[in-house]
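Peer 1: This is coords20.cif, which holds mmCIF, C-alpha atoms:
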data_upload
loop_
_atom_site.label_atom_id
_atom_site.label_comp_id
_atom_site.auth_asym_id
_atom_site.auth_seq_id
_atom_site.Cartn_x
_atom_site.Cartn_y
_atom_site.Cartn_z
CA MET V 1 -14.91 52.75 112.83
CA GLU V 2 -12.23 50.60 114.38
CA LYS V 3 -8.94 50.08 112.61
CA THR V 4 -9.23 47.00 110.45
CA VAL V 5 -6.72 45.26 108.24
CA PHE V 6 -7.65 45.24 104.56
CA GLU V 7 -5.65 43.68 101.79
CA LYS V 8 -5.70 46.31 99.07
CA SER V 9 -4.66 43.76 96.44
CA ASP V 10 -7.72 41.64 97.31
CA ILE V 11 -10.00 44.66 96.97
CA ARG V 12 -8.34 45.61 93.67
CA ASN V 13 -8.83 42.06 92.34
CA TYR V 14 -12.43 42.07 93.53
CA VAL V 15 -13.19 45.34 91.67
CA LYS V 16 -11.54 43.96 88.53
CA THR V 17 -13.63 40.78 88.84
CA VAL V 18 -16.88 42.75 89.28
CA ILE V 19 -16.12 44.75 86.13
CA ALA V 20 -15.25 41.59 84.17
CA GLU V 21 -18.47 39.89 85.32
CA LYS V 22 -20.55 42.91 84.30
CA ILE V 23 -18.87 42.92 80.87
CA GLU V 24 -19.55 39.21 80.38
CA LYS V 25 -23.17 39.51 81.49
CA LEU V 26 -23.76 42.46 79.15
CA LYS V 27 -22.11 40.64 76.21
CA ASN V 28 -24.42 37.67 76.81
CA PHE V 29 -27.46 39.94 76.99
CA ILE V 30 -26.47 41.72 73.76
CA GLU V 31 -26.07 38.36 72.01
CA PHE V 32 -29.43 37.17 73.34
CA THR V 33 -31.13 40.37 72.14
CA LEU V 34 -29.47 40.10 68.72
CA GLU V 35 -30.68 36.52 68.36
CA ALA V 36 -34.20 37.53 69.39
CA SER V 37 -34.24 40.40 66.89
CA ARG V 38 -33.23 38.02 64.10
CA ASP V 39 -36.16 35.76 64.93
CA ILE V 40 -38.75 38.52 64.46
CA LYS V 41 -40.63 38.20 61.20
CA LYS V 42 -39.54 40.57 58.48
CA THR V 43 -42.87 42.27 57.86
CA PRO V 44 -43.88 45.91 58.22
CA LYS V 45 -46.07 44.89 61.15
CA TYR V 46 -42.95 44.07 63.22
CA ASP V 47 -40.71 46.95 62.10
CA SER V 48 -41.30 49.01 65.25
CA ILE V 49 -40.39 46.06 67.49
CA ARG V 50 -37.17 45.52 65.54
CA GLU V 51 -36.36 49.23 65.82
CA GLU V 52 -36.91 49.17 69.59
CA MET V 53 -34.67 46.15 69.93
CA GLN V 54 -32.01 47.83 67.81
CA GLU V 55 -32.15 50.88 70.09
CA GLU V 56 -31.82 48.60 73.13
CA ILE V 57 -28.79 46.90 71.57
CA TYR V 58 -27.25 50.30 70.86
CA GLN V 59 -27.71 51.36 74.51
CA MET V 60 -26.18 48.11 75.76
CA GLN V 61 -23.21 48.55 73.42
CA ARG V 62 -22.66 52.02 74.89
CA GLN V 63 -22.75 50.51 78.40
CA LEU V 64 -20.30 47.85 77.25
CA GLY V 65 -17.97 50.58 75.98
CA ALA V 66 -18.15 52.34 79.34
CA LEU V 67 -17.39 49.08 81.18
CA ASN V 68 -14.42 48.42 78.89
CA ASP V 69 -13.19 51.94 79.72
CA LEU V 70 -13.46 51.08 83.44
CA LYS V 71 -11.48 47.89 82.81
CA ARG V 72 -8.74 49.84 80.97
CA ASN V 73 -8.65 52.50 83.70
CA MET V 74 -8.48 49.84 86.39
CA ALA V 75 -5.33 48.48 84.75
CA LYS V 76 -3.67 51.86 85.46
CA VAL V 77 -4.46 51.68 89.18
CA LEU V 78 -1.31 50.84 91.11
CA ASN V 79 -1.31 48.51 94.06
CA ALA V 80 1.61 50.06 95.96
CA ALA V 81 1.19 51.23 99.54
CA THR V 82 0.80 54.99 99.83
CA GLU V 83 1.20 57.46 102.68
CA ARG V 84 -0.93 60.14 101.04
CA VAL V 85 -4.19 59.79 99.12
CA GLN V 86 -3.62 59.18 95.40
CA LEU V 87 -4.87 56.95 92.59
CA GLY V 88 -4.95 53.41 93.98
CA SER V 89 -5.27 54.44 97.62
CA LEU V 90 -7.66 52.74 99.97
CA VAL V 91 -8.86 55.52 102.27
CA ILE V 92 -10.52 54.69 105.58
CA THR V 93 -12.34 57.64 107.15
CA ASN V 94 -14.43 57.80 110.30
CA LYS V 95 -17.53 57.53 108.05
CA ALA V 96 -16.67 55.27 105.08
CA ARG V 97 -14.08 53.35 103.08
CA PHE V 98 -13.07 54.69 99.66
CA TYR V 99 -11.04 52.96 96.98
CA ILE V 100 -9.67 55.62 94.62
CA SER V 101 -9.77 53.74 91.33
CA VAL V 102 -12.75 53.78 88.98
CA SER V 103 -16.31 55.00 89.30
CA LEU V 104 -17.96 51.72 90.26
CA GLY V 105 -19.88 53.00 93.26
CA GLU V 106 -20.84 51.05 96.34
CA PHE V 107 -19.76 47.44 96.77
CA PHE V 108 -19.43 44.98 99.60
CA PHE V 109 -16.21 43.06 100.19
CA GLU V 110 -16.00 40.46 102.95
CA GLY V 111 -19.00 41.99 104.67
CA ASP V 112 -17.69 45.57 104.63
CA ARG V 113 -19.07 48.44 102.56
CA PHE V 114 -16.70 50.25 100.22
CA TYR V 115 -17.05 52.93 97.57
CA ALA V 116 -14.95 52.67 94.41
CA ILE V 117 -14.63 56.26 93.25
CA SER V 118 -12.89 57.91 90.34
CA PRO V 119 -9.97 60.25 91.06
CA GLU V 120 -12.02 62.92 89.25
CA SER V 121 -14.92 62.65 91.70
CA PRO V 122 -15.47 65.54 94.14
CA MET V 123 -14.77 63.22 97.10
CA ALA V 124 -11.46 61.99 95.69
CA ARG V 125 -10.42 65.51 94.68
CA LYS V 126 -11.07 66.70 98.21
CA MET V 127 -8.96 63.89 99.71
CA MET V 128 -6.06 63.90 97.21
CA GLY V 129 -2.71 64.46 98.90
CA MET V 130 -4.12 64.11 102.41
CA LYS V 131 -2.68 61.76 105.02
CA PRO V 132 -4.04 59.98 108.11
CA GLY V 133 -5.23 62.50 110.68
CA ASP V 134 -6.27 65.08 108.07
CA ALA V 135 -9.92 66.12 108.02
CA PHE V 136 -12.19 67.53 105.34
CA THR V 137 -15.79 68.55 104.79
CA LEU V 138 -17.80 67.84 101.65
CA ASN V 139 -21.54 68.50 101.33
CA ASN V 140 -21.70 69.49 105.02
CA ILE V 141 -20.33 66.07 106.04
CA HIS V 142 -17.15 66.26 108.09
CA GLN V 143 -14.78 63.28 107.82
CA GLN V 144 -11.39 62.47 109.23
CA ILE V 145 -8.94 60.19 107.46
CA ILE V 146 -7.99 57.33 109.76
CA GLU V 147 -5.85 55.30 107.41
CA VAL V 148 -4.44 55.41 103.87
CA LEU V 149 -3.35 52.10 102.36
#
So that I can check it, write out the structure of this file as structure tokens.
Peer 2:
Amino acid sequence: MEKTVFEKSDIRNYVKTVIAEKIEKLKNFIEFTLEASRDIKKTPKYDSIREEMQEEIYQMQRQLGALNDLKRNMAKVLNAATERVQLGSLVITNKARFYISVSLGEFFFEGDRFYAISPESPMARKMMGMKPGDAFTLNNIHQQIIEVL
């Protein structure tokens, strides 16, 4: 992987936007499902359908809570440049690019693949405190840190 210039603030804003879009989409879907459940006839024949829809709404509300937690946690992620891996660092290794922030998983930004990972994840824990040039192995995969932003 060649050394590339990434604007960490742009990546941070992108992750925040992705979370906000997921929250909005889920809110709309919950509202749609609520409206649909209200339209079902109130007869014993349709009770099981209403119960299934209620369970679906409950699951979506749990997902919404988790997304709101991500949004709150993302607000704690600093945008300052760092020399060593810490919360808010953008870590470029010889194998991948990691943004230590929230557990959002894989995303693509300006054509490049990134992984937004939580500081509690095994990968982030392994890298914490390391600096460019340091190497580590996780799950039999050896990686060297090229850059920490």
Peer 1: Could you jot down the CA of Phe108 in chain V to CA of Glu24 in chain V separation for me, Å, one decimal place?
Peer 2: 20.1 Å
Peer 1: Run the PyMOL selection byres ((chain V and resi 70-75) around 8) mentally over the shown coordinates, then write out the matched residues as a PDB file with C-alpha atoms, keeping the file's coordinate frame, using the chain letters and numbers from the document.
Peer 2:
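Full text of expr-v6.pdb as output:
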ATOM      1  CA  LYS V  16     -11.540  43.960  88.530  1.00  0.00           C
ATOM      2  CA  ILE V  19     -16.120  44.750  86.130  1.00  0.00           C
ATOM      3  CA  ALA V  20     -15.250  41.590  84.170  1.00  0.00           C
ATOM      4  CA  ALA V  66     -18.150  52.340  79.340  1.00  0.00           C
ATOM      5  CA  LEU V  67     -17.390  49.080  81.180  1.00  0.00           C
ATOM      6  CA  ASN V  68     -14.420  48.420  78.890  1.00  0.00           C
ATOM      7  CA  ASP V  69     -13.190  51.940  79.720  1.00  0.00           C
ATOM      8  CA  LYS V  76      -3.670  51.860  85.460  1.00  0.00           C
ATOM      9  CA  VAL V  77      -4.460  51.680  89.180  1.00  0.00           C
ATOM     10  CA  LEU V  78      -1.310  50.840  91.110  1.00  0.00           C
ATOM     11  CA  SER V 101      -9.770  53.740  91.330  1.00  0.00           C
ATOM     12  CA  VAL V 102     -12.750  53.780  88.980  1.00  0.00           C
ATOM     13  CA  SER V 103     -16.310  55.000  89.300  1.00  0.00           C
TER      14      SER V 103
END
Peer 1: Identify, on the basis of all atoms listed in the file, every residue whose closest approach to Glu106 in chain V does not exceed 12 Å; exclude the query and any residue fewer than 3 positions from it along the same chain; express the result as a list in words.
Peer 2: Val15, Val18, Ala96, Arg97, Phe98, Tyr99, Val102, Ser103, Phe109, Asp112, Arg113, Phe114, Tyr115, Ala116 and Ile117 of chain V
Peer 1: Within 12 Å of Ile141 in chain V, counting all atoms listed in the file, which residues qualify if same-chain residues fewer than 6 places away don't, as a PyMOL selection string?
Peer 2: chain V and resi 93-96+123+135
Peer 1: How would the residues just chosen look if you wrote them out with C-alpha atoms as a CSV table (one decimal), keeping the file's coordinate frame?
Peer 2:
chain,number,residue,atom,x,y,z
V,93,THR,CA,-12.3,57.6,107.2
V,94,ASN,CA,-14.4,57.8,110.3
V,95,LYS,CA,-17.5,57.5,108.0
V,96,ALA,CA,-16.7,55.3,105.1
V,123,MET,CA,-14.8,63.2,97.1
V,135,ALA,CA,-9.9,66.1,108.0
Peer 1: Record the distance separating CA of Gln59 in chain V and CA of Ile23 in chain V, expressed in Å with one decimal.
Peer 2: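 So the two atoms, CA of Gln59 in chain V and CA of Ile23 in chain V, lie 13.8 Å apart.
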Peer 1: Which residues are close to range 33-45 of chain V, i.e. within 9 Å by all atoms listed in the file, leaving aside same-chain residues fewer than 4 positions away? Reply as JSON, numbers by chain.
Peer 2: {"V": [28, 29, 49, 50, 53, 54, 56, 57]}
